[in-house]
Amino acid sequence: MAVRSGMGNIITRLRRLVNDGTAGVWADQDLQDTLDQHKVYVVREYLEPRKNYTSGTAYEYKVFASRWADFEENGSGTAYLKLEDGGGSQRTYGTATAQWTMDYIRGLVTMGQDQAGTAMYLTGWSYDLNGAAAELWRERAGQVASFYDVQADGHRLSRSQWMTHCLKMADEMDKRARPVTVHQWTQGVFEHE
């Protein structure tokens with residue numbers, strides 16, 4: 001299975017979080033699979049308009065912010081990410097003045113023209129890179145669990161520190177990860193939180 005074209009930037013950034021810049025530990029597909037376990041489908045999220053001063057008492061609204069970040073990229077703007085106005089009309093992705101562009105990392109939409117008074121809604125996949133990194137660091141700790149300390153001729157190699165380091169990094173990434181919420185089931189009945 002091929003890695004989706006919109007995952008390149010996210011996978012590269014995840015590699016940096018897990019110290020695998022040379023792709024010597026995980027294949028891209030492995031990282032995408034882990035990321036897919038740490039994603040949220042954002043559906044028609046109302047985007048917060050950013051008021052930008054232009055001159056005198058004039059303002060414009062071209063930038064809209066999502067509460068989410070690290071979106072899967074998509075060149076066409078339809079398969080993995082789409083933008084709609086309040087009436088449900090989908091906006092065309094691109095760089096022309098009537099269209100929009102996306103800062104996928106920060107979750108910012110920039111319109112080509114002023115959108116004062118227009119509500120904008122975003123749908124797409126948002127990834128938790130820190131949550132995925134925590135899982136990968138724990139996996140790496142398992143890979144080095146058999147490492148042991150060696151001492152010979154007055155030299156000491158403390159290889160066991162590698163596992164301790166991996167577990168500490170997993171804890172650090174867990175602290176930065178998005179909170180995880182679960183729905184509680186009681187005697188077969190779904191309860192809302």
# chains A, B, ... in the order shown; residues from 1 in each chain; ligands from 1

$ residues_around --residues "stretch 67-71 of chain A" --least-positions-apart "6" --cutoff "9 Å" --atoms "only C-alpha atoms" --output "list in words"
Gly6, Met7, Ile10, Val42, Glu45, Leu47, Glu48, Tyr80, Leu81, Asp103, Tyr104, Ile105, Arg106, Gly107, Leu108, Gly124, Trp125, Ser126, Tyr127, Asp128 and Leu129 of chain A

$ residues_around --residues "A:Thr12" --least-positions-apart "2" --cutoff "12 Å" --atoms "only C-alpha atoms" --output "PDB file with N, CA and C atoms, in the first residue's frame"
ATOM      1  N   GLY A   6      -0.568  13.320   0.537  1.00  0.00           N
ATOM      2  CA  GLY A   6      -0.675  14.427   1.475  1.00  0.00           C
ATOM      3  C   GLY A   6      -0.009  14.202   2.817  1.00  0.00           C
ATOM      4  N   MET A   7       0.658  13.054   2.986  1.00  0.00           N
ATOM      5  CA  MET A   7       1.261  12.722   4.278  1.00  0.00           C
ATOM      6  C   MET A   7       2.750  13.028   4.353  1.00  0.00           C
ATOM      7  N   GLY A   8       3.366  13.448   3.259  1.00  0.00           N
ATOM      8  CA  GLY A   8       4.813  13.646   3.227  1.00  0.00           C
ATOM      9  C   GLY A   8       5.329  14.569   4.308  1.00  0.00           C
ATOM     10  N   ASN A   9       4.747  15.751   4.449  1.00  0.00           N
ATOM     11  CA  ASN A   9       5.206  16.723   5.438  1.00  0.00           C
ATOM     12  C   ASN A   9       4.985  16.210   6.863  1.00  0.00           C
ATOM     13  N   ILE A  10       3.853  15.583   7.100  1.00  0.00           N
ATOM     14  CA  ILE A  10       3.543  15.078   8.445  1.00  0.00           C
ATOM     15  C   ILE A  10       4.511  13.959   8.816  1.00  0.00           C
ATOM     16  N   LEU A  14       7.175  13.890  11.882  1.00  0.00           N
ATOM     17  CA  LEU A  14       7.147  12.810  12.874  1.00  0.00           C
ATOM     18  C   LEU A  14       8.519  12.152  12.987  1.00  0.00           C
ATOM     19  N   ARG A  15       9.193  11.966  11.865  1.00  0.00           N
ATOM     20  CA  ARG A  15      10.545  11.384  11.900  1.00  0.00           C
ATOM     21  C   ARG A  15      11.479  12.209  12.792  1.00  0.00           C
ATOM     22  N   ARG A  16      11.359  13.519  12.713  1.00  0.00           N
ATOM     23  CA  ARG A  16      12.212  14.371  13.551  1.00  0.00           C
ATOM     24  C   ARG A  16      11.886  14.179  15.030  1.00  0.00           C
ATOM     25  N   LEU A  17      10.613  13.957  15.364  1.00  0.00           N
ATOM     26  CA  LEU A  17      10.219  13.770  16.762  1.00  0.00           C
ATOM     27  C   LEU A  17      10.722  12.458  17.348  1.00  0.00           C
ATOM     28  N   VAL A  18      10.968  11.473  16.483  1.00  0.00           N
ATOM     29  CA  VAL A  18      11.411  10.163  16.978  1.00  0.00           C
ATOM     30  C   VAL A  18      12.852   9.854  16.588  1.00  0.00           C
ATOM     31  N   ASN A  19      13.594  10.888  16.170  1.00  0.00           N
ATOM     32  CA  ASN A  19      15.020  10.746  15.861  1.00  0.00           C
ATOM     33  C   ASN A  19      15.275   9.661  14.809  1.00  0.00           C
ATOM     34  N   ASP A  20      14.498   9.714  13.724  1.00  0.00           N
ATOM     35  CA  ASP A  20      14.655   8.750  12.631  1.00  0.00           C
ATOM     36  C   ASP A  20      14.775   9.504  11.307  1.00  0.00           C
ATOM     37  N   GLY A  21      15.632  10.500  11.288  1.00  0.00           N
ATOM     38  CA  GLY A  21      15.779  11.341  10.102  1.00  0.00           C
ATOM     39  C   GLY A  21      16.270  10.621   8.875  1.00  0.00           C
ATOM     40  N   THR A  22      16.987   9.514   9.054  1.00  0.00           N
ATOM     41  CA  THR A  22      17.516   8.774   7.907  1.00  0.00           C
ATOM     42  C   THR A  22      16.605   7.629   7.486  1.00  0.00           C
ATOM     43  N   ALA A  23      15.434   7.522   8.101  1.00  0.00           N
ATOM     44  CA  ALA A  23      14.466   6.456   7.812  1.00  0.00           C
ATOM     45  C   ALA A  23      15.076   5.076   8.044  1.00  0.00           C
ATOM     46  N   TRP A  26      11.933   3.138  10.808  1.00  0.00           N
ATOM     47  CA  TRP A  26      10.578   2.880  10.317  1.00  0.00           C
ATOM     48  C   TRP A  26      10.445   3.280   8.852  1.00  0.00           C
ATOM     49  N   ALA A  27       9.672   2.516   8.117  1.00  0.00           N
ATOM     50  CA  ALA A  27       9.314   2.864   6.743  1.00  0.00           C
ATOM     51  C   ALA A  27       8.190   3.907   6.788  1.00  0.00           C
ATOM     52  N   ASP A  28       8.034   4.662   5.714  1.00  0.00           N
ATOM     53  CA  ASP A  28       6.971   5.668   5.654  1.00  0.00           C
ATOM     54  C   ASP A  28       5.597   5.056   5.926  1.00  0.00           C
ATOM     55  N   LEU A  31       4.963   4.635   9.603  1.00  0.00           N
ATOM     56  CA  LEU A  31       4.656   5.908  10.259  1.00  0.00           C
ATOM     57  C   LEU A  31       3.242   6.366   9.913  1.00  0.00           C
ATOM     58  N   GLN A  32       2.828   6.189   8.656  1.00  0.00           N
ATOM     59  CA  GLN A  32       1.466   6.570   8.278  1.00  0.00           C
ATOM     60  C   GLN A  32       0.445   5.733   9.055  1.00  0.00           C
ATOM     61  N   LEU A  35       0.282   7.138  12.513  1.00  0.00           N
ATOM     62  CA  LEU A  35      -0.423   8.431  12.476  1.00  0.00           C
ATOM     63  C   LEU A  35      -1.925   8.243  12.303  1.00  0.00           C
ATOM     64  N   LEU A 129       0.699  14.491  16.156  1.00  0.00           N
ATOM     65  CA  LEU A 129       2.064  14.016  15.962  1.00  0.00           C
ATOM     66  C   LEU A 129       2.712  13.583  17.272  1.00  0.00           C
ATOM     67  N   ALA A 133       4.210  10.004  18.158  1.00  0.00           N
ATOM     68  CA  ALA A 133       5.615   9.913  18.564  1.00  0.00           C
ATOM     69  C   ALA A 133       5.753   9.141  19.878  1.00  0.00           C
TER      70      ALA A 133
END

$ select_by_dssp --residues "stretch 21-70 of chain A" --states "strand (DSSP E or B)" --output "PyMOL selection string"
chain A and resi 39-46+48-55+58-65

$ write_last_selection --atoms "C-alpha atoms" --output "tab-separated table (two decimals), in the first residue's frame"
chain	number	residue	atom	x	y	z
A	39	LYS	CA	-6.12	11.34	13.82
A	40	VAL	CA	-9.38	13.18	14.23
A	41	TYR	CA	-11.91	13.77	11.50
A	42	VAL	CA	-12.86	17.42	11.78
A	43	VAL	CA	-16.33	17.87	10.25
A	44	ARG	CA	-17.62	21.31	9.23
A	45	GLU	CA	-15.72	23.10	11.96
A	46	TYR	CA	-16.61	26.79	12.16
A	48	GLU	CA	-12.66	31.76	13.59
A	49	PRO	CA	-12.24	34.83	11.32
A	50	ARG	CA	-9.12	36.92	11.96
A	51	LYS	CA	-9.74	40.65	11.70
A	52	ASN	CA	-6.93	42.38	9.82
A	53	TYR	CA	-6.53	46.17	9.86
A	54	THR	CA	-6.02	47.63	6.38
A	55	SER	CA	-6.28	51.46	6.75
A	58	ALA	CA	-11.17	49.58	7.40
A	59	TYR	CA	-10.66	45.91	8.15
A	60	GLU	CA	-10.68	42.77	6.07
A	61	TYR	CA	-11.30	39.12	6.81
A	62	LYS	CA	-9.08	36.86	4.73
A	63	VAL	CA	-7.57	34.57	7.37
A	64	PHE	CA	-9.65	31.97	9.20
A	65	ALA	CA	-8.31	29.79	12.03

$ closest_atom_pairs --of "stretch 100-152 of chain A" --to "stretch 86-90 of chain A" --cutoff "10 Å" --atoms "only C-alpha atoms" --output "JSON lines"
{"residue": "A:Gly117", "atom": "CA", "partner": "A:Gly86", "partner_atom": "CA", "distance": 9.9}
{"residue": "A:Thr118", "atom": "CA", "partner": "A:Gly86", "partner_atom": "CA", "distance": 6.7}
{"residue": "A:Ala119", "atom": "CA", "partner": "A:Gly86", "partner_atom": "CA", "distance": 5.0}
{"residue": "A:Met120", "atom": "CA", "partner": "A:Gly86", "partner_atom": "CA", "distance": 6.0}
{"residue": "A:Tyr121", "atom": "CA", "partner": "A:Gly86", "partner_atom": "CA", "distance": 7.2}
{"residue": "A:Leu122", "atom": "CA", "partner": "A:Gln90", "partner_atom": "CA", "distance": 9.8}

$ select_by_dssp --residues "stretch 54-174 of chain A" --states "helix (DSSP H, G or I)" --output "ChimeraX atom specification"
/A:129-143,161-174

$ write_last_selection --atoms "N, CA and C atoms" --output "mmCIF file, in the first residue's frame"
data_model
loop_
_atom_site.group_PDB
_atom_site.id
_atom_site.type_symbol
_atom_site.label_atom_id
_atom_site.label_comp_id
_atom_site.auth_asym_id
_atom_site.auth_seq_id
_atom_site.Cartn_x
_atom_site.Cartn_y
_atom_site.Cartn_z
ATOM 1 N N LEU A 129 0.699 14.491 16.156
ATOM 2 C CA LEU A 129 2.064 14.016 15.962
ATOM 3 C C LEU A 129 2.712 13.583 17.272
ATOM 4 N N ASN A 130 2.422 14.300 18.361
ATOM 5 C CA ASN A 130 3.020 13.950 19.650
ATOM 6 C C ASN A 130 2.495 12.619 20.173
ATOM 7 N N GLY A 131 1.208 12.364 19.988
ATOM 8 C CA GLY A 131 0.639 11.075 20.393
ATOM 9 C C GLY A 131 1.255 9.931 19.609
ATOM 10 N N ALA A 132 1.422 10.126 18.299
ATOM 11 C CA ALA A 132 2.052 9.106 17.456
ATOM 12 C C ALA A 132 3.506 8.909 17.863
ATOM 13 N N ALA A 133 4.210 10.004 18.158
ATOM 14 C CA ALA A 133 5.615 9.913 18.564
ATOM 15 C C ALA A 133 5.753 9.141 19.878
ATOM 16 N N ALA A 134 4.841 9.365 20.821
ATOM 17 C CA ALA A 134 4.900 8.636 22.090
ATOM 18 C C ALA A 134 4.781 7.132 21.847
ATOM 19 N N GLU A 135 3.855 6.757 20.974
ATOM 20 C CA GLU A 135 3.679 5.337 20.660
ATOM 21 C C GLU A 135 4.941 4.755 20.018
ATOM 22 N N LEU A 136 5.551 5.515 19.113
ATOM 23 C CA LEU A 136 6.759 5.037 18.436
ATOM 24 C C LEU A 136 7.947 4.944 19.386
ATOM 25 N N TRP A 137 8.070 5.884 20.323
ATOM 26 C CA TRP A 137 9.162 5.796 21.297
ATOM 27 C C TRP A 137 8.998 4.552 22.179
ATOM 28 N N ARG A 138 7.743 4.216 22.543
ATOM 29 C CA ARG A 138 7.527 2.992 23.325
ATOM 30 C C ARG A 138 7.887 1.756 22.492
ATOM 31 N N GLU A 139 7.553 1.789 21.207
ATOM 32 C CA GLU A 139 7.919 0.684 20.327
ATOM 33 C C GLU A 139 9.436 0.540 20.237
ATOM 34 N N ARG A 140 10.105 1.664 20.144
ATOM 35 C CA ARG A 140 11.573 1.629 20.059
ATOM 36 C C ARG A 140 12.176 1.097 21.357
ATOM 37 N N ALA A 141 11.559 1.427 22.499
ATOM 38 C CA ALA A 141 12.033 0.880 23.780
ATOM 39 C C ALA A 141 11.953 -0.638 23.758
ATOM 40 N N GLY A 142 10.900 -1.164 23.159
ATOM 41 C CA GLY A 142 10.782 -2.607 23.028
ATOM 42 C C GLY A 142 11.860 -3.194 22.127
ATOM 43 N N GLN A 143 12.234 -2.444 21.094
ATOM 44 C CA GLN A 143 13.268 -2.917 20.176
ATOM 45 C C GLN A 143 14.635 -3.017 20.845
ATOM 46 N N GLN A 161 20.838 2.194 29.020
ATOM 47 C CA GLN A 161 20.352 3.581 29.077
ATOM 48 C C GLN A 161 19.477 3.909 27.877
ATOM 49 N N TRP A 162 19.678 3.211 26.761
ATOM 50 C CA TRP A 162 18.911 3.488 25.544
ATOM 51 C C TRP A 162 17.427 3.229 25.779
ATOM 52 N N MET A 163 17.093 2.131 26.460
ATOM 53 C CA MET A 163 15.684 1.837 26.755
ATOM 54 C C MET A 163 15.105 2.888 27.698
ATOM 55 N N THR A 164 15.861 3.250 28.713
ATOM 56 C CA THR A 164 15.406 4.280 29.655
ATOM 57 C C THR A 164 15.154 5.594 28.926
ATOM 58 N N HIS A 165 16.052 5.941 28.020
ATOM 59 C CA HIS A 165 15.890 7.165 27.228
ATOM 60 C C HIS A 165 14.612 7.103 26.392
ATOM 61 N N CYS A 166 14.375 5.977 25.738
ATOM 62 C CA CYS A 166 13.178 5.834 24.897
ATOM 63 C C CYS A 166 11.898 6.000 25.720
ATOM 64 N N LEU A 167 11.868 5.410 26.896
ATOM 65 C CA LEU A 167 10.678 5.518 27.747
ATOM 66 C C LEU A 167 10.481 6.940 28.258
ATOM 67 N N LYS A 168 11.579 7.639 28.548
ATOM 68 C CA LYS A 168 11.464 9.042 28.962
ATOM 69 C C LYS A 168 10.932 9.904 27.823
ATOM 70 N N MET A 169 11.394 9.634 26.617
ATOM 71 C CA MET A 169 10.893 10.377 25.458
ATOM 72 C C MET A 169 9.415 10.081 25.226
ATOM 73 N N ALA A 170 8.996 8.841 25.427
ATOM 74 C CA ALA A 170 7.571 8.495 25.289
ATOM 75 C C ALA A 170 6.742 9.280 26.298
ATOM 76 N N ASP A 171 7.227 9.371 27.531
ATOM 77 C CA ASP A 171 6.512 10.151 28.553
ATOM 78 C C ASP A 171 6.433 11.625 28.167
ATOM 79 N N GLU A 172 7.523 12.169 27.641
ATOM 80 C CA GLU A 172 7.546 13.576 27.240
ATOM 81 C C GLU A 172 6.555 13.829 26.106
ATOM 82 N N MET A 173 6.518 12.943 25.131
ATOM 83 C CA MET A 173 5.588 13.098 24.011
ATOM 84 C C MET A 173 4.139 12.944 24.481
ATOM 85 N N ASP A 174 3.902 12.038 25.445
ATOM 86 C CA ASP A 174 2.553 11.879 26.006
ATOM 87 C C ASP A 174 2.071 13.171 26.650
#

$ atom_distance --atom1 "atom CA of A:Arg91" --atom2 "atom CA of A:Ala116"
15.4 Å

$ atom_distance --atom1 "atom CA of A:Val182" --atom2 "atom CA of A:Gln37"
14.2 Å

$ closest_residue --among "A:Lys82, A:His38, A:Ala2, A:Asp149" --to "A:Pro179" --atoms "only C-alpha atoms"
A:His38

$ decode --residues "stretch 19-33 of chain A" --atoms "N, CA and C atoms" --output "compact mmCIF listing (two decimals), in the first residue's frame"
# COMPACT_ATOMS: atom_id res chain seq x y z
N ASN A 19 13.59 10.89 16.17
CA ASN A 19 15.02 10.75 15.86
C ASN A 19 15.28 9.66 14.81
N ASP A 20 14.50 9.71 13.72
CA ASP A 20 14.65 8.75 12.63
C ASP A 20 14.78 9.50 11.31
N GLY A 21 15.63 10.50 11.29
CA GLY A 21 15.78 11.34 10.10
C GLY A 21 16.27 10.62 8.87
N THR A 22 16.99 9.51 9.05
CA THR A 22 17.52 8.77 7.91
C THR A 22 16.61 7.63 7.49
N ALA A 23 15.43 7.52 8.10
CA ALA A 23 14.47 6.46 7.81
C ALA A 23 15.08 5.08 8.04
N GLY A 24 15.94 4.97 9.03
CA GLY A 24 16.59 3.70 9.33
C GLY A 24 15.80 2.81 10.27
N VAL A 25 14.79 3.36 10.93
CA VAL A 25 14.03 2.57 11.91
C VAL A 25 12.66 2.18 11.36
N TRP A 26 11.93 3.14 10.81
CA TRP A 26 10.58 2.88 10.32
C TRP A 26 10.45 3.28 8.85
N ALA A 27 9.67 2.52 8.12
CA ALA A 27 9.31 2.86 6.74
C ALA A 27 8.19 3.91 6.79
N ASP A 28 8.03 4.66 5.71
CA ASP A 28 6.97 5.67 5.65
C ASP A 28 5.60 5.06 5.93
N GLN A 29 5.36 3.86 5.39
CA GLN A 29 4.06 3.20 5.59
C GLN A 29 3.82 2.92 7.08
N ASP A 30 4.86 2.50 7.81
CA ASP A 30 4.72 2.25 9.24
C ASP A 30 4.34 3.53 9.98
N LEU A 31 4.96 4.64 9.60
CA LEU A 31 4.66 5.91 10.26
C LEU A 31 3.24 6.37 9.91
N GLN A 32 2.83 6.19 8.66
CA GLN A 32 1.47 6.57 8.28
C GLN A 32 0.44 5.73 9.06
N ASP A 33 0.71 4.44 9.20
CA ASP A 33 -0.20 3.57 9.96
C ASP A 33 -0.33 4.05 11.41
